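Asker: Just one file: data.txt, with compact mmCIF, C-alpha atoms.
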# COMPACT_ATOMS: atom_id res chain seq x y z
CA MET A 153 14.15 106.33 -111.35
CA ASN A 154 13.32 106.90 -115.03
CA SER A 155 13.12 110.53 -116.18
CA GLN A 156 13.83 112.13 -112.83
CA LEU A 157 16.26 114.85 -111.79
CA PHE A 158 17.59 114.34 -108.26
CA ILE A 159 19.01 117.33 -106.35
CA VAL A 160 21.51 115.61 -104.06
CA ALA A 161 23.15 117.35 -101.09
CA THR A 162 26.75 116.31 -100.39
CA PRO A 163 28.96 116.91 -97.32
CA ILE A 164 30.41 120.36 -96.64
CA GLY A 165 33.46 118.83 -94.94
CA ASN A 166 32.94 115.70 -92.90
CA LEU A 167 32.31 112.87 -95.38
CA GLN A 168 30.18 110.99 -92.84
CA ASP A 169 27.48 113.66 -93.24
CA ILE A 170 26.19 112.18 -96.49
CA SER A 171 22.94 110.22 -96.16
CA GLN A 172 22.44 106.60 -97.17
CA ARG A 173 19.66 107.75 -99.51
CA ALA A 174 22.07 110.16 -101.24
CA ILE A 175 24.64 107.38 -101.75
CA GLU A 176 22.04 105.01 -103.18
CA THR A 177 20.73 107.73 -105.51
CA LEU A 178 24.23 108.50 -106.83
CA GLU A 179 24.80 104.79 -107.42
CA GLN A 180 21.52 104.21 -109.25
CA VAL A 181 21.17 107.22 -111.56
CA ASP A 182 22.40 107.05 -115.13
CA LEU A 183 24.42 110.27 -114.90
CA ILE A 184 25.69 112.77 -112.32
CA ALA A 185 25.94 116.47 -113.21
CA ALA A 186 28.65 117.99 -111.01
CA GLU A 187 29.87 121.56 -110.62
CA ASP A 188 33.51 120.43 -110.74
CA THR A 189 33.95 116.82 -111.86
CA ARG A 190 37.55 116.65 -110.58
CA HIS A 191 36.47 117.77 -107.11
CA SER A 192 33.43 115.49 -107.03
CA LYS A 193 35.45 112.51 -108.29
CA ARG A 194 37.24 112.37 -104.93
CA LEU A 195 33.93 112.11 -103.09
CA LEU A 196 32.56 109.48 -105.47
CA ASN A 197 35.76 107.44 -105.16
CA HIS A 198 35.45 107.58 -101.38
CA LEU A 199 31.85 106.35 -101.63
CA GLY A 200 32.69 103.69 -104.22
CA VAL A 201 30.31 105.26 -106.76
CA THR A 202 31.29 104.70 -110.40
CA THR A 203 28.41 106.55 -112.12
CA LYS A 204 29.48 108.63 -115.13
CA MET A 205 29.73 112.41 -114.59
CA ILE A 206 29.38 115.53 -116.69
CA SER A 207 30.16 119.09 -115.63
CA LEU A 208 27.50 121.74 -115.03
CA HIS A 209 28.72 125.14 -113.87
CA GLU A 210 27.86 128.79 -114.38
CA HIS A 211 29.81 129.01 -117.65
CA ASN A 212 28.26 126.02 -119.41
CA GLU A 213 24.86 125.69 -117.75
CA GLU A 214 22.87 126.90 -120.75
CA LYS A 215 24.58 124.43 -123.08
CA GLN A 216 24.28 121.51 -120.66
CA ILE A 217 20.58 122.13 -119.98
CA ALA A 218 19.70 121.10 -123.53
CA LYS A 219 21.79 117.93 -123.21
CA ILE A 220 20.28 116.99 -119.85
CA LEU A 221 16.73 117.61 -121.06
CA GLU A 222 17.41 115.36 -124.05
CA LEU A 223 18.66 112.56 -121.78
CA LEU A 224 15.71 112.94 -119.41
CA GLY A 225 13.43 112.79 -122.43
CA GLN A 226 15.02 109.43 -123.28
CA GLY A 227 14.04 108.10 -119.85
CA LYS A 228 17.41 108.62 -118.15
CA SER A 229 17.75 109.56 -114.48
CA ILE A 230 20.22 112.27 -113.49
CA ALA A 231 21.57 113.57 -110.18
CA LEU A 232 22.77 117.15 -109.70
CA ILE A 233 25.46 117.81 -107.09
CA SER A 234 27.56 120.85 -106.21
CA ASP A 235 31.12 120.99 -104.89
CA ALA A 236 29.78 120.85 -101.33
CA GLY A 237 26.44 121.09 -99.57
CA THR A 238 23.00 121.56 -101.08
CA PRO A 239 22.97 122.40 -104.81
CA LEU A 240 21.59 125.78 -105.95
CA VAL A 241 22.42 127.52 -102.63
CA SER A 242 24.90 130.10 -104.02
CA ASP A 243 25.66 127.53 -106.72
CA PRO A 244 24.46 127.07 -110.32
CA GLY A 245 21.50 124.87 -111.19
CA TYR A 246 18.26 126.79 -110.75
CA ARG A 247 17.90 127.38 -114.49
CA LEU A 248 18.21 123.66 -115.08
CA VAL A 249 15.58 122.89 -112.42
CA TYR A 250 13.23 125.48 -113.92
CA GLU A 251 13.51 124.00 -117.41
CA VAL A 252 13.12 120.43 -116.14
CA ARG A 253 9.99 121.29 -114.17
CA LYS A 254 8.63 123.22 -117.15
CA SER A 255 9.02 120.00 -119.15
CA ASN A 256 6.82 118.19 -116.59
CA ILE A 257 9.68 115.99 -115.41
CA ASP A 258 9.91 115.22 -111.69
CA VAL A 259 12.56 117.02 -109.64
CA VAL A 260 13.33 115.13 -106.42
CA PRO A 261 15.29 116.75 -103.55
CA ILE A 262 17.63 114.52 -101.53
CA PRO A 263 18.29 116.79 -98.52
CA GLY A 264 21.46 117.03 -96.50
CA ALA A 265 24.20 119.42 -95.43
CA CYS A 266 23.96 123.18 -96.03
CA ALA A 267 26.58 125.53 -94.59
CA ALA A 268 24.16 128.42 -94.07
CA ILE A 269 21.67 126.33 -92.08
CA ALA A 270 24.39 124.53 -90.12
CA ALA A 271 25.92 127.88 -89.10
CA LEU A 272 22.55 129.38 -88.21
CA SER A 273 21.65 126.41 -86.02
CA ALA A 274 24.82 126.83 -83.95
CA SER A 275 25.03 130.64 -83.93
CA GLY A 276 22.64 131.46 -81.12
CA LEU A 277 21.07 134.15 -83.29
CA PRO A 278 17.30 134.32 -83.94
CA SER A 279 16.52 131.54 -86.40
CA ASP A 280 12.74 131.80 -86.77
CA ARG A 281 13.18 134.32 -89.62
CA PHE A 282 16.38 134.94 -91.56
CA LEU A 283 17.67 136.41 -94.81
CA PHE A 284 20.23 134.55 -96.94
CA GLU A 285 22.40 136.89 -99.02
CA GLY A 286 25.15 134.55 -100.22
CA PHE A 287 28.34 136.20 -101.48
CA LEU A 288 28.60 139.99 -101.60
CA SER A 289 30.15 141.76 -104.58
CA ALA A 290 33.93 141.63 -105.01
CA LYS A 291 33.88 145.41 -105.49
CA GLN A 292 33.90 147.43 -102.28
CA ASN A 293 31.58 150.23 -103.43
CA ALA A 294 28.97 147.70 -104.52
CA ARG A 295 29.36 145.84 -101.22
CA LEU A 296 28.85 148.97 -99.17
CA GLN A 297 25.81 150.03 -101.19
CA HIS A 298 24.26 146.60 -100.75
CA LEU A 299 24.96 146.54 -97.01
CA GLU A 300 23.36 149.98 -96.63
CA LYS A 301 20.12 148.49 -97.97
CA LEU A 302 20.31 145.82 -95.26
CA LYS A 303 21.13 148.19 -92.40
CA SER A 304 17.58 148.24 -91.02
CA GLU A 305 16.85 144.55 -91.64
CA THR A 306 15.44 142.97 -88.46
CA ARG A 307 15.98 139.35 -89.50
CA THR A 308 19.26 137.48 -89.03
CA ILE A 309 21.34 138.03 -92.19
CA ILE A 310 23.52 135.21 -93.55
CA PHE A 311 26.48 135.74 -95.88
CA TYR A 312 29.09 133.48 -97.45
CA GLU A 313 32.63 134.80 -97.80
CA SER A 314 35.96 133.60 -99.15
CA PRO A 315 39.25 133.68 -97.19
CA HIS A 316 40.91 136.34 -99.32
CA ARG A 317 38.05 138.80 -98.75
CA ILE A 318 36.87 138.05 -95.22
CA SER A 319 38.94 140.81 -93.52
CA VAL A 320 37.72 143.62 -95.78
CA MET A 321 34.17 142.27 -95.60
CA LEU A 322 34.23 142.51 -91.79
CA GLN A 323 35.52 146.09 -92.03
CA ASP A 324 32.66 146.94 -94.41
CA LEU A 325 30.20 145.47 -91.91
CA LEU A 326 31.76 147.69 -89.25
CA THR A 327 31.38 150.76 -91.47
CA VAL A 328 27.70 150.14 -92.15
CA PHE A 329 26.33 148.30 -89.11
CA GLY A 330 28.50 149.88 -86.40
CA SER A 331 30.80 148.47 -83.74
CA GLU A 332 28.07 147.15 -81.43
CA ARG A 333 26.18 144.96 -83.91
CA TYR A 334 26.47 141.29 -82.93
CA VAL A 335 28.08 139.10 -85.60
CA VAL A 336 28.98 135.40 -85.74
CA ILE A 337 31.74 133.88 -87.87
CA ALA A 338 31.43 130.18 -88.69
CA ARG A 339 34.53 128.78 -90.35
CA GLU A 340 35.45 125.37 -91.76
CA LEU A 341 32.17 123.82 -90.63
CA THR A 342 32.29 120.06 -89.90
CA LYS A 343 36.05 120.03 -90.58
CA LEU A 344 39.00 119.56 -88.23
CA TYR A 345 39.51 123.27 -87.50
CA GLU A 346 35.85 124.25 -87.24
CA THR A 347 35.42 127.60 -85.48
CA ILE A 348 32.20 129.34 -84.49
CA ARG A 349 32.65 132.67 -82.69
CA GLY A 350 30.27 135.52 -82.00
CA ASP A 351 30.75 138.95 -80.45
CA GLU A 352 30.09 142.62 -80.96
CA LEU A 353 31.67 143.52 -84.29
CA SER A 354 34.55 145.61 -82.94
CA ASN A 355 35.58 142.84 -80.52
CA LEU A 356 35.16 140.15 -83.17
CA ILE A 357 37.40 141.99 -85.64
CA GLU A 358 40.06 142.50 -82.97
CA TRP A 359 40.04 138.78 -82.15
CA PHE A 360 40.08 137.83 -85.82
CA GLU A 361 43.06 140.04 -86.67
CA LEU A 362 45.04 138.68 -83.70
CA ASN A 363 44.39 135.04 -84.66
CA THR A 364 45.80 134.80 -88.16
CA GLU A 365 45.32 131.01 -88.26
CA GLN A 366 41.60 131.78 -88.54
CA HIS A 367 42.02 133.52 -91.90
CA CYS A 368 41.83 130.43 -94.12
CA GLY A 369 38.91 128.24 -95.12
CA GLU A 370 35.35 128.99 -96.15
CA PHE A 371 33.25 131.35 -94.03
CA VAL A 372 29.63 131.85 -93.10
CA VAL A 373 29.04 135.28 -91.56
CA LEU A 374 25.81 135.89 -89.65
CA VAL A 375 24.67 139.36 -88.62
CA LYS A 376 22.06 139.87 -85.93
CA GLY A 377 19.11 141.86 -87.21
CA LYS A 378 18.45 145.41 -86.08
CA GLN A 379 16.50 145.42 -82.86
CA LYS A 380 13.03 146.90 -83.01
CA ILE A 381 12.50 149.81 -80.62
CA LYS A 382 9.73 148.84 -78.28
CA LYS A 383 6.88 151.29 -78.05
CA GLU A 384 6.76 152.73 -74.54
CA ASN A 385 3.32 152.69 -73.00
CA LEU A 386 2.40 155.42 -70.54
CA THR A 387 0.53 154.50 -67.38
CA ASP A 388 -2.39 156.51 -66.00
CA GLU A 389 0.01 158.03 -63.48
CA ASP A 390 2.40 159.08 -66.27
CA LYS A 391 -0.48 160.78 -68.08
CA ARG A 392 -1.60 162.52 -64.88
CA ILE A 393 1.90 163.93 -64.38
CA LEU A 394 2.00 165.14 -67.97
CA LYS A 395 -1.44 166.75 -67.66
CA VAL A 396 -0.37 168.71 -64.57
CA LEU A 397 2.80 169.91 -66.30
CA LEU A 398 0.89 170.94 -69.43
CA GLU A 399 -1.22 173.30 -67.30
CA GLU A 400 1.91 175.37 -66.62
CA LEU A 401 4.37 174.59 -69.46
CA PRO A 402 4.52 174.37 -73.28
CA VAL A 403 4.29 170.88 -74.82
CA LYS A 404 8.03 170.47 -75.43
CA GLN A 405 9.05 171.49 -71.92
CA ALA A 406 6.27 169.49 -70.26
CA SER A 407 7.28 166.38 -72.21
CA HIS A 408 10.93 166.82 -71.31
CA LEU A 409 10.19 167.28 -67.62
CA ALA A 410 7.76 164.33 -67.53
CA SER A 411 10.48 162.19 -69.07
CA LYS A 412 12.96 163.24 -66.39
CA ILE A 413 10.47 162.55 -63.59
CA THR A 414 9.42 159.09 -64.80
CA GLY A 415 12.52 157.90 -66.66
CA LYS A 416 10.47 157.13 -69.76
CA LYS A 417 11.08 158.31 -73.31
CA LYS A 418 10.42 161.95 -74.06
CA ASN A 419 8.89 161.09 -77.44
CA ALA A 420 6.17 159.03 -75.77
CA PHE A 421 5.14 162.02 -73.65
CA TYR A 422 5.38 164.40 -76.60
CA LYS A 423 3.03 162.23 -78.69
CA GLU A 424 0.63 161.94 -75.78
CA ALA A 425 0.69 165.71 -75.23
CA LEU A 426 -0.12 166.39 -78.88
Do you think you could lay out the structure here as structure tokens?

Answerer:
Amino acid sequence: MNSQLFIVATPIGNLQDISQRAIETLEQVDLIAAEDTRHSKRLLNHLGVTTKMISLHEHNEEKQIAKILELLGQGKSIALISDAGTPLVSDPGYRLVYEVRKSNIDVVPIPGACAAIAALSASGLPSDRFLFEGFLSAKQNARLQHLEKLKSETRTIIFYESPHRISVMLQDLLTVFGSERYVVIARELTKLYETIRGDELSNLIEWFELNTEQHCGEFVVLVKGKQKIKKENLTDEDKRILKVLLEELPVKQASHLASKITGKKKNAFYKEAL
């Protein structure tokens, strides 16, 4: 394990979700870099791991990188963990990984729980392609502007949100995406009060506001991507009808009437007529 940085995923709720490999890694490394050492101490105590810890968070990452690189250079092995789930997913650490790799030191992932992937797997939304956006801005104007850029996104969009902002975040989604967009809320994943609920946004907000016990905990919010409008293909019969109408009527009127006769989109006939 000499001179290796291990990226170790920890449980997001249920402590049984940690892997045996993760436990053995945490036991065997020389040092554990944790986002919040007080929080992680409870997990390590539960696992019976006594490895020394140091803190690495967004406010001290730059300072700690130099210290960790020095220790790795001395042949030490170090594990990086976050408060919950897979490190670096909406958590600090990527700068450290970049510098370690740049120093030609091995970075070894120890995979495990991730709230975004767990929620996606149980959401029923398309999972072949998705976009992870993490936390939106705390400022409403910035949130709305960012959501506007995502309005036409066709992939499933995944957000994280905190309990004190979840209600206003859902209202912002309603403002931008509209009442009929399908959204899934995944709350307290793997914990006692786990809830996964999906519905059209207006219905989901109504349910959420009526069930105030659902307002606490950590949230994953998944938005179904915008549906692509299928191109309507005209049959030979459709084209024959249009051709007959064009002999007597202007393009716009012929297209409109052909649409009424066949039940197909007017735009398809208009393009064909042109």

Asker: Could you state the separation of atom CA of A:Val373 and atom CA of A:Glu305 in Å, given to one decimal place?

Answerer: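 Separation between atom CA of A:Val373 and atom CA of A:Glu305: 15.3 Å.
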
Asker: Looking at all atoms listed in the file, which of A:Ala236, A:Ile217, A:Leu401, A:Leu386 is the one that sits closest to A:Lys417?

Answerer: A:Leu386

Asker: For a test of reading the model, state the distance in Å between atom CA of A:Ala338 and atom CA of A:Ala268, rounded to one decimal.

Answerer: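 It comes out at 9.2 Å.
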
Asker: With 12 Å as the threshold, what does the neighbourhood of (21.3, 142.5, -87.8) contain in terms of residues, counting only C-alpha atoms? Coordinates are those of the file; answer as number ranges by chain.

Answerer: A: 277-278, 281-283, 299-311, 325-326, 328-336, 352-353, 373-380

Asker: When you draw a straight line from atom CA of A:Thr189 to atom CA of A:His211, how long is it in Å?

Answerer: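 Calculated distance between atom CA of A:Thr189 and atom CA of A:His211 is 14.1 Å.
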
Asker: Here is a test: counting only C-alpha atoms, which residue of A:Glu187, A:Asp258, A:Asp235, A:Glu251 is nearest to A:Gln156?

Answerer: A:Asp258
